[in-house]
$ cat my_file.pdb   # PDB, N, CA, C and O atoms and all ligand atoms
ATOM      1  N   MET H  35      37.355   9.485 -28.117
ATOM      2  CA  MET H  35      36.751   8.895 -26.914
ATOM      3  C   MET H  35      35.955   7.650 -27.288
ATOM      4  O   MET H  35      35.232   7.625 -28.276
ATOM      5  N   LEU H  36      36.121   6.634 -26.503
ATOM      6  CA  LEU H  36      35.395   5.389 -26.729
ATOM      7  C   LEU H  36      33.920   5.561 -26.373
ATOM      8  O   LEU H  36      33.589   6.335 -25.483
ATOM      9  N   PRO H  37      33.060   4.844 -27.073
ATOM     10  CA  PRO H  37      31.651   4.886 -26.668
ATOM     11  C   PRO H  37      31.480   4.212 -25.312
ATOM     12  O   PRO H  37      32.223   3.300 -24.967
ATOM     13  N   ILE H  38      30.505   4.684 -24.586
ATOM     14  CA  ILE H  38      30.229   4.065 -23.291
ATOM     15  C   ILE H  38      29.599   2.691 -23.530
ATOM     16  O   ILE H  38      28.744   2.530 -24.385
ATOM     17  N   ASP H  39      30.087   1.728 -22.811
ATOM     18  CA  ASP H  39      29.629   0.355 -22.963
ATOM     19  C   ASP H  39      28.109   0.263 -22.783
ATOM     20  O   ASP H  39      27.549   0.886 -21.883
ATOM     21  N   PRO H  40      27.447  -0.493 -23.656
ATOM     22  CA  PRO H  40      25.977  -0.595 -23.545
ATOM     23  C   PRO H  40      25.508  -1.233 -22.244
ATOM     24  O   PRO H  40      24.351  -1.049 -21.852
ATOM     25  N   THR H  41      26.398  -1.971 -21.572
ATOM     26  CA  THR H  41      25.989  -2.578 -20.311
ATOM     27  C   THR H  41      26.221  -1.641 -19.122
ATOM     28  O   THR H  41      25.883  -1.968 -17.997
ATOM     29  N   ALA H  42      26.809  -0.475 -19.398
ATOM     30  CA  ALA H  42      27.055   0.474 -18.309
ATOM     31  C   ALA H  42      25.728   0.937 -17.712
ATOM     32  O   ALA H  42      24.760   1.167 -18.434
ATOM     33  N   ASP H  43      25.720   1.039 -16.420
ATOM     34  CA  ASP H  43      24.485   1.374 -15.723
ATOM     35  C   ASP H  43      24.827   2.351 -14.609
ATOM     36  O   ASP H  43      25.688   2.085 -13.770
ATOM     37  N   ARG H  44      24.147   3.492 -14.622
ATOM     38  CA  ARG H  44      24.435   4.520 -13.616
ATOM     39  C   ARG H  44      24.160   4.057 -12.184
ATOM     40  O   ARG H  44      24.619   4.674 -11.237
ATOM     41  N   SER H  45      23.384   3.000 -12.041
ATOM     42  CA  SER H  45      23.103   2.538 -10.685
ATOM     43  C   SER H  45      24.238   1.664 -10.159
ATOM     44  O   SER H  45      24.252   1.295  -8.994
ATOM     45  N   ARG H  46      25.168   1.306 -11.027
ATOM     46  CA  ARG H  46      26.323   0.518 -10.586
ATOM     47  C   ARG H  46      27.575   1.343 -10.829
ATOM     48  O   ARG H  46      28.039   1.477 -11.949
ATOM     49  N   ARG H  47      28.075   1.912  -9.771
ATOM     50  CA  ARG H  47      29.214   2.803  -9.900
ATOM     51  C   ARG H  47      30.283   2.438  -8.892
ATOM     52  O   ARG H  47      30.007   1.814  -7.881
ATOM     53  N   ALA H  48      31.491   2.839  -9.195
ATOM     54  CA  ALA H  48      32.607   2.628  -8.281
ATOM     55  C   ALA H  48      33.374   3.929  -8.165
ATOM     56  O   ALA H  48      33.510   4.671  -9.133
ATOM     57  N   TRP H  49      33.857   4.196  -6.972
ATOM     58  CA  TRP H  49      34.627   5.410  -6.757
ATOM     59  C   TRP H  49      36.105   5.082  -6.703
ATOM     60  O   TRP H  49      36.655   4.741  -5.657
ATOM     61  N   LEU H  50      36.703   5.145  -7.881
ATOM     62  CA  LEU H  50      38.136   4.902  -8.027
ATOM     63  C   LEU H  50      38.665   5.974  -8.972
ATOM     64  O   LEU H  50      37.935   6.439  -9.841
ATOM     65  N   PRO H  51      39.919   6.336  -8.833
ATOM     66  CA  PRO H  51      40.475   7.309  -9.779
ATOM     67  C   PRO H  51      40.642   6.679 -11.158
ATOM     68  O   PRO H  51      40.966   5.501 -11.269
ATOM     69  N   CYS H  52      40.429   7.449 -12.188
ATOM     70  CA  CYS H  52      40.652   6.962 -13.548
ATOM     71  C   CYS H  52      42.146   7.026 -13.858
ATOM     72  O   CYS H  52      42.760   8.073 -13.680
ATOM     73  N   PRO H  53      42.760   5.922 -14.320
ATOM     74  CA  PRO H  53      44.204   5.936 -14.587
ATOM     75  C   PRO H  53      44.565   6.802 -15.788
ATOM     76  O   PRO H  53      45.727   7.138 -15.977
ATOM     77  N   ARG H  54      43.593   7.163 -16.606
ATOM     78  CA  ARG H  54      43.922   7.968 -17.769
ATOM     79  C   ARG H  54      43.722   9.468 -17.512
ATOM     80  O   ARG H  54      44.636  10.257 -17.696
ATOM     81  N   CYS H  55      42.528   9.849 -17.104
ATOM     82  CA  CYS H  55      42.283  11.292 -16.968
ATOM     83  C   CYS H  55      42.366  11.750 -15.519
ATOM     84  O   CYS H  55      42.408  12.946 -15.256
ATOM     85  N   ASN H  56      42.380  10.807 -14.588
ATOM     86  CA  ASN H  56      42.479  11.141 -13.166
ATOM     87  C   ASN H  56      41.533  12.282 -12.808
ATOM     88  O   ASN H  56      41.928  13.286 -12.217
ATOM     89  N   HIS H  57      40.288  12.124 -13.202
ATOM     90  CA  HIS H  57      39.333  13.222 -13.184
ATOM     91  C   HIS H  57      39.039  13.815 -11.803
ATOM     92  O   HIS H  57      38.541  14.925 -11.741
ATOM     93  N   GLY H  58      39.330  13.088 -10.738
ATOM     94  CA  GLY H  58      39.017  13.636  -9.422
ATOM     95  C   GLY H  58      40.204  14.273  -8.720
ATOM     96  O   GLY H  58      40.112  14.643  -7.554
ATOM     97  N   ALA H  59      41.332  14.393  -9.419
ATOM     98  CA  ALA H  59      42.573  14.805  -8.762
ATOM     99  C   ALA H  59      42.483  16.155  -8.061
ATOM    100  O   ALA H  59      43.134  16.370  -7.057
ATOM    101  N   ARG H  60      41.686  17.060  -8.609
ATOM    102  CA  ARG H  60      41.603  18.392  -7.993
ATOM    103  C   ARG H  60      40.275  18.630  -7.313
ATOM    104  O   ARG H  60      39.896  19.769  -7.060
ATOM    105  N   CYS H  61      39.563  17.560  -7.066
ATOM    106  CA  CYS H  61      38.218  17.709  -6.519
ATOM    107  C   CYS H  61      38.231  17.431  -5.014
ATOM    108  O   CYS H  61      38.755  16.417  -4.568
ATOM    109  N   GLY H  62      37.662  18.336  -4.262
ATOM    110  CA  GLY H  62      37.639  18.201  -2.815
ATOM    111  C   GLY H  62      36.879  16.971  -2.342
ATOM    112  O   GLY H  62      37.303  16.281  -1.420
ATOM    113  N   ASP H  63      35.757  16.702  -2.982
ATOM    114  CA  ASP H  63      34.964  15.535  -2.590
ATOM    115  C   ASP H  63      35.734  14.242  -2.824
ATOM    116  O   ASP H  63      35.683  13.315  -2.028
ATOM    117  N   CYS H  64      36.445  14.167  -3.945
ATOM    118  CA  CYS H  64      37.208  12.959  -4.262
ATOM    119  C   CYS H  64      38.375  12.763  -3.302
ATOM    120  O   CYS H  64      38.735  11.635  -2.979
ATOM    121  N   GLN H  65      38.968  13.858  -2.886
ATOM    122  CA  GLN H  65      40.123  13.760  -1.996
ATOM    123  C   GLN H  65      39.697  13.427  -0.566
ATOM    124  O   GLN H  65      40.490  12.930   0.219
ATOM    125  N   SER H  66      38.471  13.706  -0.251
ATOM    126  CA  SER H  66      37.971  13.338   1.070
ATOM    127  C   SER H  66      37.341  11.947   0.974
ATOM    128  O   SER H  66      37.444  11.284  -0.043
ATOM    129  N   ALA H  67      36.698  11.527   2.007
ATOM    130  CA  ALA H  67      36.141  10.177   2.009
ATOM    131  C   ALA H  67      34.767  10.110   1.348
ATOM    132  O   ALA H  67      34.142   9.064   1.327
ATOM    133  N   LYS H  68      34.332  11.201   0.797
ATOM    134  CA  LYS H  68      32.992  11.221   0.216
ATOM    135  C   LYS H  68      32.935  10.503  -1.115
ATOM    136  O   LYS H  68      33.922  10.422  -1.831
ATOM    137  N   ASN H  69      31.749  10.044  -1.458
ATOM    138  CA  ASN H  69      31.522   9.541  -2.796
ATOM    139  C   ASN H  69      31.085  10.718  -3.640
ATOM    140  O   ASN H  69      29.977  11.213  -3.524
ATOM    141  N   CYS H  70      31.977  11.174  -4.470
ATOM    142  CA  CYS H  70      31.737  12.363  -5.270
ATOM    143  C   CYS H  70      30.570  12.138  -6.233
ATOM    144  O   CYS H  70      30.453  11.080  -6.835
ATOM    145  N   ALA H  71      29.741  13.161  -6.379
ATOM    146  CA  ALA H  71      28.586  13.039  -7.276
ATOM    147  C   ALA H  71      28.992  13.173  -8.741
ATOM    148  O   ALA H  71      28.251  12.775  -9.637
ATOM    149  N   THR H  72      30.162  13.725  -8.981
ATOM    150  CA  THR H  72      30.587  14.013 -10.354
ATOM    151  C   THR H  72      31.574  12.990 -10.888
ATOM    152  O   THR H  72      31.556  12.649 -12.062
ATOM    153  N   HIS H  73      32.461  12.550  -9.995
ATOM    154  CA  HIS H  73      33.550  11.682 -10.446
ATOM    155  C   HIS H  73      33.371  10.270  -9.927
ATOM    156  O   HIS H  73      33.500  10.025  -8.742
ATOM    157  N   TRP H  74      33.108   9.376 -10.855
ATOM    158  CA  TRP H  74      32.944   7.970 -10.508
ATOM    159  C   TRP H  74      33.163   7.177 -11.776
ATOM    160  O   TRP H  74      33.336   7.743 -12.856
ATOM    161  N   GLN H  75      33.178   5.859 -11.640
ATOM    162  CA  GLN H  75      33.366   4.972 -12.797
ATOM    163  C   GLN H  75      32.162   4.058 -12.924
ATOM    164  O   GLN H  75      31.581   3.641 -11.934
ATOM    165  N   TYR H  76      31.847   3.756 -14.152
ATOM    166  CA  TYR H  76      30.855   2.710 -14.367
ATOM    167  C   TYR H  76      31.456   1.384 -13.949
ATOM    168  O   TYR H  76      32.589   1.061 -14.319
ATOM    169  N   LEU H  77      30.698   0.623 -13.196
ATOM    170  CA  LEU H  77      31.106  -0.725 -12.824
ATOM    171  C   LEU H  77      30.433  -1.671 -13.821
ATOM    172  O   LEU H  77      29.242  -1.951 -13.709
ATOM    173  N   LEU H  78      31.184  -2.079 -14.819
ATOM    174  CA  LEU H  78      30.583  -2.865 -15.906
ATOM    175  C   LEU H  78      30.290  -4.287 -15.466
ATOM    176  O   LEU H  78      29.232  -4.822 -15.739
ATOM    177  N   SER H  79      31.253  -4.901 -14.826
ATOM    178  CA  SER H  79      31.051  -6.271 -14.367
ATOM    179  C   SER H  79      32.112  -6.605 -13.349
ATOM    180  O   SER H  79      33.109  -5.897 -13.216
ATOM    181  N   ASN H  80      31.910  -7.669 -12.666
ATOM    182  CA  ASN H  80      32.966  -8.140 -11.785
ATOM    183  C   ASN H  80      32.943  -9.650 -11.707
ATOM    184  O   ASN H  80      31.904 -10.290 -11.855
ATOM    185  N   LYS H  81      34.153 -10.175 -11.581
ATOM    186  CA  LYS H  81      34.341 -11.613 -11.482
ATOM    187  C   LYS H  81      35.187 -11.807 -10.252
ATOM    188  O   LYS H  81      36.389 -11.534 -10.286
ATOM    189  N   GLY H  82      34.587 -12.231  -9.175
ATOM    190  CA  GLY H  82      35.347 -12.310  -7.938
ATOM    191  C   GLY H  82      35.856 -10.938  -7.568
ATOM    192  O   GLY H  82      35.083  -9.991  -7.484
ATOM    193  N   THR H  83      37.158 -10.820  -7.394
ATOM    194  CA  THR H  83      37.719  -9.537  -6.979
ATOM    195  C   THR H  83      38.117  -8.683  -8.182
ATOM    196  O   THR H  83      38.551  -7.550  -8.018
ATOM    197  N   LEU H  84      38.000  -9.228  -9.395
ATOM    198  CA  LEU H  84      38.368  -8.470 -10.585
ATOM    199  C   LEU H  84      37.157  -7.687 -11.091
ATOM    200  O   LEU H  84      36.119  -8.261 -11.393
ATOM    201  N   VAL H  85      37.302  -6.387 -11.168
ATOM    202  CA  VAL H  85      36.185  -5.570 -11.639
ATOM    203  C   VAL H  85      36.575  -4.859 -12.938
ATOM    204  O   VAL H  85      37.723  -4.493 -13.143
ATOM    205  N   HIS H  86      35.597  -4.704 -13.795
ATOM    206  CA  HIS H  86      35.795  -3.996 -15.054
ATOM    207  C   HIS H  86      35.103  -2.650 -14.951
ATOM    208  O   HIS H  86      33.929  -2.570 -14.611
ATOM    209  N   LEU H  87      35.864  -1.625 -15.266
ATOM    210  CA  LEU H  87      35.371  -0.268 -15.069
ATOM    211  C   LEU H  87      35.473   0.536 -16.356
ATOM    212  O   LEU H  87      36.296   0.242 -17.224
ATOM    213  N   GLN H  88      34.633   1.551 -16.458
ATOM    214  CA  GLN H  88      34.771   2.502 -17.553
ATOM    215  C   GLN H  88      34.542   3.911 -17.037
ATOM    216  O   GLN H  88      33.593   4.173 -16.306
ATOM    217  N   CYS H  89      35.431   4.788 -17.446
ATOM    218  CA  CYS H  89      35.330   6.175 -17.024
ATOM    219  C   CYS H  89      34.306   6.902 -17.888
ATOM    220  O   CYS H  89      34.426   6.890 -19.112
ATOM    221  N   PRO H  90      33.308   7.522 -17.290
ATOM    222  CA  PRO H  90      32.308   8.235 -18.089
ATOM    223  C   PRO H  90      32.851   9.527 -18.690
ATOM    224  O   PRO H  90      32.246  10.084 -19.595
ATOM    225  N   ASP H  91      33.961  10.009 -18.206
ATOM    226  CA  ASP H  91      34.517  11.255 -18.722
ATOM    227  C   ASP H  91      35.366  11.052 -19.964
ATOM    228  O   ASP H  91      35.238  11.767 -20.945
ATOM    229  N   CYS H  92      36.281  10.058 -19.933
ATOM    230  CA  CYS H  92      37.180   9.889 -21.076
ATOM    231  C   CYS H  92      36.935   8.578 -21.805
ATOM    232  O   CYS H  92      37.538   8.333 -22.837
ATOM    233  N   GLY H  93      36.054   7.740 -21.290
ATOM    234  CA  GLY H  93      35.741   6.487 -21.980
ATOM    235  C   GLY H  93      36.746   5.376 -21.759
ATOM    236  O   GLY H  93      36.634   4.311 -22.346
ATOM    237  N   HIS H  94      37.741   5.627 -20.915
ATOM    238  CA  HIS H  94      38.778   4.621 -20.672
ATOM    239  C   HIS H  94      38.180   3.375 -20.019
ATOM    240  O   HIS H  94      37.397   3.467 -19.085
ATOM    241  N   LEU H  95      38.569   2.223 -20.559
ATOM    242  CA  LEU H  95      38.116   0.934 -20.033
ATOM    243  C   LEU H  95      39.292   0.243 -19.379
ATOM    244  O   LEU H  95      40.366   0.176 -19.961
ATOM    245  N   TRP H  96      39.095  -0.259 -18.197
ATOM    246  CA  TRP H  96      40.176  -1.023 -17.577
ATOM    247  C   TRP H  96      39.615  -1.964 -16.522
ATOM    248  O   TRP H  96      38.439  -1.907 -16.174
ATOM    249  N   SER H  97      40.486  -2.842 -16.072
ATOM    250  CA  SER H  97      40.108  -3.805 -15.044
ATOM    251  C   SER H  97      41.058  -3.646 -13.880
ATOM    252  O   SER H  97      42.215  -3.291 -14.049
ATOM    253  N   ILE H  98      40.562  -3.945 -12.729
ATOM    254  CA  ILE H  98      41.413  -3.845 -11.552
ATOM    255  C   ILE H  98      41.047  -4.964 -10.592
ATOM    256  O   ILE H  98      39.880  -5.329 -10.464
ATOM    257  N   ASP H  99      42.084  -5.517  -9.992
ATOM    258  CA  ASP H  99      41.843  -6.548  -8.993
ATOM    259  C   ASP H  99      41.710  -5.857  -7.644
ATOM    260  O   ASP H  99      42.649  -5.223  -7.174
ATOM    261  N   THR H 100      40.558  -5.957  -7.057
ATOM    262  CA  THR H 100      40.287  -5.225  -5.824
ATOM    263  C   THR H 100      40.803  -5.950  -4.593
ATOM    264  O   THR H 100      40.619  -5.478  -3.486
ATOM    265  N   ARG H 101      41.443  -7.095  -4.818
ATOM    266  CA  ARG H 101      41.982  -7.826  -3.675
ATOM    267  C   ARG H 101      43.073  -7.000  -2.982
ATOM    268  O   ARG H 101      43.200  -7.017  -1.776
ATOM    269  N   ASP H 102      43.856  -6.289  -3.794
ATOM    270  CA  ASP H 102      44.977  -5.523  -3.249
ATOM    271  C   ASP H 102      44.579  -4.120  -2.832
ATOM    272  O   ASP H 102      45.391  -3.378  -2.326
ATOM    273  N   ARG H 103      43.367  -3.744  -3.137
ATOM    274  CA  ARG H 103      42.970  -2.369  -2.909
ATOM    275  C   ARG H 103      41.655  -2.342  -2.186
ATOM    276  O   ARG H 103      40.907  -3.279  -2.231
ATOM    277  N   THR H 104      41.378  -1.231  -1.642
ATOM    278  CA  THR H 104      40.075  -1.062  -1.057
ATOM    279  C   THR H 104      39.273  -0.166  -1.976
ATOM    280  O   THR H 104      39.638   0.984  -2.183
ATOM    281  N   ILE H 105      38.248  -0.699  -2.526
ATOM    282  CA  ILE H 105      37.319   0.147  -3.276
ATOM    283  C   ILE H 105      36.517   0.881  -2.235
ATOM    284  O   ILE H 105      36.059   0.282  -1.266
ATOM    285  N   ARG H 106      36.397   2.153  -2.383
ATOM    286  CA  ARG H 106      35.756   2.920  -1.330
ATOM    287  C   ARG H 106      34.348   2.408  -1.069
ATOM    288  O   ARG H 106      33.975   2.178   0.028
ATOM    289  N   ARG H 107      33.595   2.257  -2.128
ATOM    290  CA  ARG H 107      32.277   1.692  -1.961
ATOM    291  C   ARG H 107      31.700   1.485  -3.340
ATOM    292  O   ARG H 107      31.905   2.304  -4.216
ATOM    293  N   TYR H 108      31.047   0.408  -3.556
ATOM    294  CA  TYR H 108      30.297   0.318  -4.799
ATOM    295  C   TYR H 108      29.026  -0.437  -4.562
ATOM    296  O   TYR H 108      28.923  -1.246  -3.656
ATOM    297  N   LYS H 109      28.084  -0.115  -5.401
ATOM    298  CA  LYS H 109      26.779  -0.703  -5.255
ATOM    299  C   LYS H 109      26.569  -1.648  -6.409
ATOM    300  O   LYS H 109      26.640  -1.257  -7.560
ATOM    301  N   ALA H 110      26.367  -2.892  -6.134
ATOM    302  CA  ALA H 110      26.078  -3.858  -7.192
ATOM    303  C   ALA H 110      24.578  -4.084  -7.239
ATOM    304  O   ALA H 110      23.968  -4.389  -6.221
ATOM    305  N   ALA H 111      24.009  -3.910  -8.393
ATOM    306  CA  ALA H 111      22.560  -4.021  -8.511
ATOM    307  C   ALA H 111      22.124  -5.473  -8.459
ATOM    308  O   ALA H 111      22.877  -6.351  -8.839
TER     309      ALA H 111
HETATM  310 ZN    ZN V 201      38.887   9.034 -17.303
HETATM  311 ZN    ZN V 202      35.075  14.600  -7.511
END
$ encode --input "my_file.pdb" --output "structure tokens"
Amino acid sequence: MLPIDPTADRSRRAWLPCPRCNHGARCGDCQSAKNCATHWQYLLSNKGTLVHLQCPDCGHLWSIDTRDRTIRRYKAA
């Protein structure tokens, strides 16, 4: 497992499925419109519509262009 990025901040989170561990796949909160308290991604940074995320469960780092998708909700500090 990769170390969690030092810039990761629990106050900046995004609710997206992790492409590696898909940690919310069997979770009722994740499948509904709720922001699950357990399954979320660190929102490391964003540049326009491109956001960099890290999964706190498996450490997977990836980027996603949110122009094509709707991020359910994220809070930018
Ligand atoms: Zn993951
Ligand atoms: Zn969940």
$ residues_near_ligand --input "my_file.pdb" --ligand "ligand ZN 202 (chain V)" --cutoff "7 Å" --atoms "only C-alpha atoms and all ligand atoms" --output "VMD selection string"
chain H and resid 58 61 to 64 70 to 73
$ residues_near_ligand --input "my_file.pdb" --ligand "ligand ZN 201 (chain V)" --cutoff "8 Å" --atoms "only C-alpha atoms and all ligand atoms" --output "PyMOL selection string"
chain H and resi 51-57+88-94
$ atom_distance --input "my_file.pdb" --atom1 "atom O of Ala42 of chain H" --atom2 "atom CA of Arg60 of chain H"
26.3 Å
$ atom_distance --input "my_file.pdb" --atom1 "atom C of Asp99 of chain H" --atom2 "atom N of Leu84 of chain H"
5.3 Å
$ select_by_dssp --input "my_file.pdb" --residues "chain H" --states "alpha helix (DSSP H)" --output "ChimeraX atom specification"
/H:62-65
$ resolve_selection --input "my_file.pdb" --expression "the PyMOL selection byres (((chain H and resi 98) around 8) and not hetatm)" --output "MDAnalysis selection string"
chainID H and resid 79:87 95:97 99:103
$ select_by_dssp --input "my_file.pdb" --residues "chain H" --states "strand (DSSP E or B)" --output "ChimeraX atom specification"
/H:47-48,75-81,84-88,95-99,108
$ resolve_selection --input "my_file.pdb" --expression "the PyMOL selection byres (((chain H and resi 75) around 4.5) and not hetatm)" --output "MDAnalysis selection string"
chainID H and resid 46:48 74 76:77 88
$ axis_aligned_box --input "my_file.pdb" --around "segment 37-47 of chain H" --padding-each-side "4 Å" --output "lines of an AutoDock Vina configuration file"
center_x = 28.1
center_y = 1.2
center_z = -17.5
size_x = 18.0
size_y = 15.5
size_z = 27.2
$ atom_distance --input "my_file.pdb" --atom1 "atom CA of Leu78 of chain H" --atom2 "atom CA of Arg44 of chain H"
9.9 Å
$ decode --input "my_file.pdb" --residues "segment 62-94 of chain H" --atoms "N, CA and C atoms" --output "PDB file, in the first residue's frame"
ATOM      1  N   GLY H  62     -24.508   0.379   1.528  1.00  0.00           N
ATOM      2  CA  GLY H  62     -25.798   0.998   1.277  1.00  0.00           C
ATOM      3  C   GLY H  62     -25.718   2.512   1.142  1.00  0.00           C
ATOM      4  N   ASP H  63     -24.919   3.127   1.993  1.00  0.00           N
ATOM      5  CA  ASP H  63     -24.783   4.584   1.931  1.00  0.00           C
ATOM      6  C   ASP H  63     -24.173   5.025   0.608  1.00  0.00           C
ATOM      7  N   CYS H  64     -23.175   4.284   0.135  1.00  0.00           N
ATOM      8  CA  CYS H  64     -22.518   4.637  -1.124  1.00  0.00           C
ATOM      9  C   CYS H  64     -23.450   4.454  -2.315  1.00  0.00           C
ATOM     10  N   GLN H  65     -24.290   3.447  -2.240  1.00  0.00           N
ATOM     11  CA  GLN H  65     -25.191   3.174  -3.357  1.00  0.00           C
ATOM     12  C   GLN H  65     -26.356   4.164  -3.388  1.00  0.00           C
ATOM     13  N   SER H  66     -26.630   4.765  -2.273  1.00  0.00           N
ATOM     14  CA  SER H  66     -27.674   5.786  -2.248  1.00  0.00           C
ATOM     15  C   SER H  66     -27.020   7.145  -2.502  1.00  0.00           C
ATOM     16  N   ALA H  67     -27.764   8.185  -2.352  1.00  0.00           N
ATOM     17  CA  ALA H  67     -27.223   9.508  -2.656  1.00  0.00           C
ATOM     18  C   ALA H  67     -26.453  10.109  -1.485  1.00  0.00           C
ATOM     19  N   LYS H  68     -26.294   9.352  -0.442  1.00  0.00           N
ATOM     20  CA  LYS H  68     -25.633   9.897   0.741  1.00  0.00           C
ATOM     21  C   LYS H  68     -24.134   9.999   0.562  1.00  0.00           C
ATOM     22  N   ASN H  69     -23.535  10.896   1.318  1.00  0.00           N
ATOM     23  CA  ASN H  69     -22.091  10.931   1.399  1.00  0.00           C
ATOM     24  C   ASN H  69     -21.691  10.009   2.531  1.00  0.00           C
ATOM     25  N   CYS H  70     -21.173   8.872   2.170  1.00  0.00           N
ATOM     26  CA  CYS H  70     -20.838   7.845   3.141  1.00  0.00           C
ATOM     27  C   CYS H  70     -19.751   8.340   4.097  1.00  0.00           C
ATOM     28  N   ALA H  71     -19.905   8.000   5.367  1.00  0.00           N
ATOM     29  CA  ALA H  71     -18.917   8.435   6.362  1.00  0.00           C
ATOM     30  C   ALA H  71     -17.647   7.591   6.302  1.00  0.00           C
ATOM     31  N   THR H  72     -17.738   6.430   5.690  1.00  0.00           N
ATOM     32  CA  THR H  72     -16.609   5.494   5.689  1.00  0.00           C
ATOM     33  C   THR H  72     -15.840   5.506   4.380  1.00  0.00           C
ATOM     34  N   HIS H  73     -16.594   5.640   3.289  1.00  0.00           N
ATOM     35  CA  HIS H  73     -15.968   5.508   1.972  1.00  0.00           C
ATOM     36  C   HIS H  73     -15.921   6.842   1.256  1.00  0.00           C
ATOM     37  N   TRP H  74     -14.712   7.332   1.093  1.00  0.00           N
ATOM     38  CA  TRP H  74     -14.509   8.593   0.390  1.00  0.00           C
ATOM     39  C   TRP H  74     -13.067   8.614  -0.065  1.00  0.00           C
ATOM     40  N   GLN H  75     -12.718   9.634  -0.836  1.00  0.00           N
ATOM     41  CA  GLN H  75     -11.343   9.782  -1.333  1.00  0.00           C
ATOM     42  C   GLN H  75     -10.778  11.103  -0.847  1.00  0.00           C
ATOM     43  N   TYR H  76      -9.499  11.078  -0.596  1.00  0.00           N
ATOM     44  CA  TYR H  76      -8.826  12.346  -0.345  1.00  0.00           C
ATOM     45  C   TYR H  76      -8.792  13.136  -1.636  1.00  0.00           C
ATOM     46  N   LEU H  77      -9.141  14.397  -1.546  1.00  0.00           N
ATOM     47  CA  LEU H  77      -9.038  15.298  -2.687  1.00  0.00           C
ATOM     48  C   LEU H  77      -7.706  16.036  -2.535  1.00  0.00           C
ATOM     49  N   LEU H  78      -6.706  15.563  -3.244  1.00  0.00           N
ATOM     50  CA  LEU H  78      -5.356  16.110  -3.049  1.00  0.00           C
ATOM     51  C   LEU H  78      -5.221  17.488  -3.668  1.00  0.00           C
ATOM     52  N   SER H  79      -5.685  17.620  -4.885  1.00  0.00           N
ATOM     53  CA  SER H  79      -5.596  18.915  -5.552  1.00  0.00           C
ATOM     54  C   SER H  79      -6.522  18.915  -6.742  1.00  0.00           C
ATOM     55  N   ASN H  80      -6.751  20.060  -7.267  1.00  0.00           N
ATOM     56  CA  ASN H  80      -7.499  20.117  -8.512  1.00  0.00           C
ATOM     57  C   ASN H  80      -7.024  21.281  -9.352  1.00  0.00           C
ATOM     58  N   LYS H  81      -7.067  21.026 -10.651  1.00  0.00           N
ATOM     59  CA  LYS H  81      -6.657  22.023 -11.626  1.00  0.00           C
ATOM     60  C   LYS H  81      -7.810  22.116 -12.591  1.00  0.00           C
ATOM     61  N   GLY H  82      -8.597  23.150 -12.483  1.00  0.00           N
ATOM     62  CA  GLY H  82      -9.789  23.208 -13.314  1.00  0.00           C
ATOM     63  C   GLY H  82     -10.677  22.028 -13.008  1.00  0.00           C
ATOM     64  N   THR H  83     -11.008  21.259 -14.028  1.00  0.00           N
ATOM     65  CA  THR H  83     -11.910  20.130 -13.820  1.00  0.00           C
ATOM     66  C   THR H  83     -11.143  18.847 -13.504  1.00  0.00           C
ATOM     67  N   LEU H  84      -9.810  18.895 -13.552  1.00  0.00           N
ATOM     68  CA  LEU H  84      -9.016  17.705 -13.266  1.00  0.00           C
ATOM     69  C   LEU H  84      -8.713  17.635 -11.770  1.00  0.00           C
ATOM     70  N   VAL H  85      -9.126  16.559 -11.148  1.00  0.00           N
ATOM     71  CA  VAL H  85      -8.877  16.423  -9.714  1.00  0.00           C
ATOM     72  C   VAL H  85      -7.967  15.218  -9.459  1.00  0.00           C
ATOM     73  N   HIS H  86      -7.133  15.360  -8.458  1.00  0.00           N
ATOM     74  CA  HIS H  86      -6.242  14.280  -8.053  1.00  0.00           C
ATOM     75  C   HIS H  86      -6.756  13.709  -6.746  1.00  0.00           C
ATOM     76  N   LEU H  87      -6.910  12.403  -6.748  1.00  0.00           N
ATOM     77  CA  LEU H  87      -7.535  11.744  -5.610  1.00  0.00           C
ATOM     78  C   LEU H  87      -6.643  10.637  -5.069  1.00  0.00           C
ATOM     79  N   GLN H  88      -6.834  10.325  -3.800  1.00  0.00           N
ATOM     80  CA  GLN H  88      -6.176   9.156  -3.231  1.00  0.00           C
ATOM     81  C   GLN H  88      -7.142   8.420  -2.321  1.00  0.00           C
ATOM     82  N   CYS H  89      -7.166   7.117  -2.500  1.00  0.00           N
ATOM     83  CA  CYS H  89      -8.048   6.291  -1.693  1.00  0.00           C
ATOM     84  C   CYS H  89      -7.411   6.031  -0.334  1.00  0.00           C
ATOM     85  N   PRO H  90      -8.094   6.347   0.749  1.00  0.00           N
ATOM     86  CA  PRO H  90      -7.513   6.107   2.073  1.00  0.00           C
ATOM     87  C   PRO H  90      -7.476   4.626   2.436  1.00  0.00           C
ATOM     88  N   ASP H  91      -8.207   3.805   1.737  1.00  0.00           N
ATOM     89  CA  ASP H  91      -8.233   2.381   2.052  1.00  0.00           C
ATOM     90  C   ASP H  91      -7.091   1.614   1.412  1.00  0.00           C
ATOM     91  N   CYS H  92      -6.848   1.843   0.102  1.00  0.00           N
ATOM     92  CA  CYS H  92      -5.815   1.057  -0.574  1.00  0.00           C
ATOM     93  C   CYS H  92      -4.640   1.917  -1.013  1.00  0.00           C
ATOM     94  N   GLY H  93      -4.730   3.222  -0.834  1.00  0.00           N
ATOM     95  CA  GLY H  93      -3.606   4.091  -1.189  1.00  0.00           C
ATOM     96  C   GLY H  93      -3.507   4.423  -2.664  1.00  0.00           C
ATOM     97  N   HIS H  94      -4.477   3.964  -3.448  1.00  0.00           N
ATOM     98  CA  HIS H  94      -4.438   4.207  -4.893  1.00  0.00           C
ATOM     99  C   HIS H  94      -4.535   5.703  -5.192  1.00  0.00           C
TER     100      HIS H  94
END
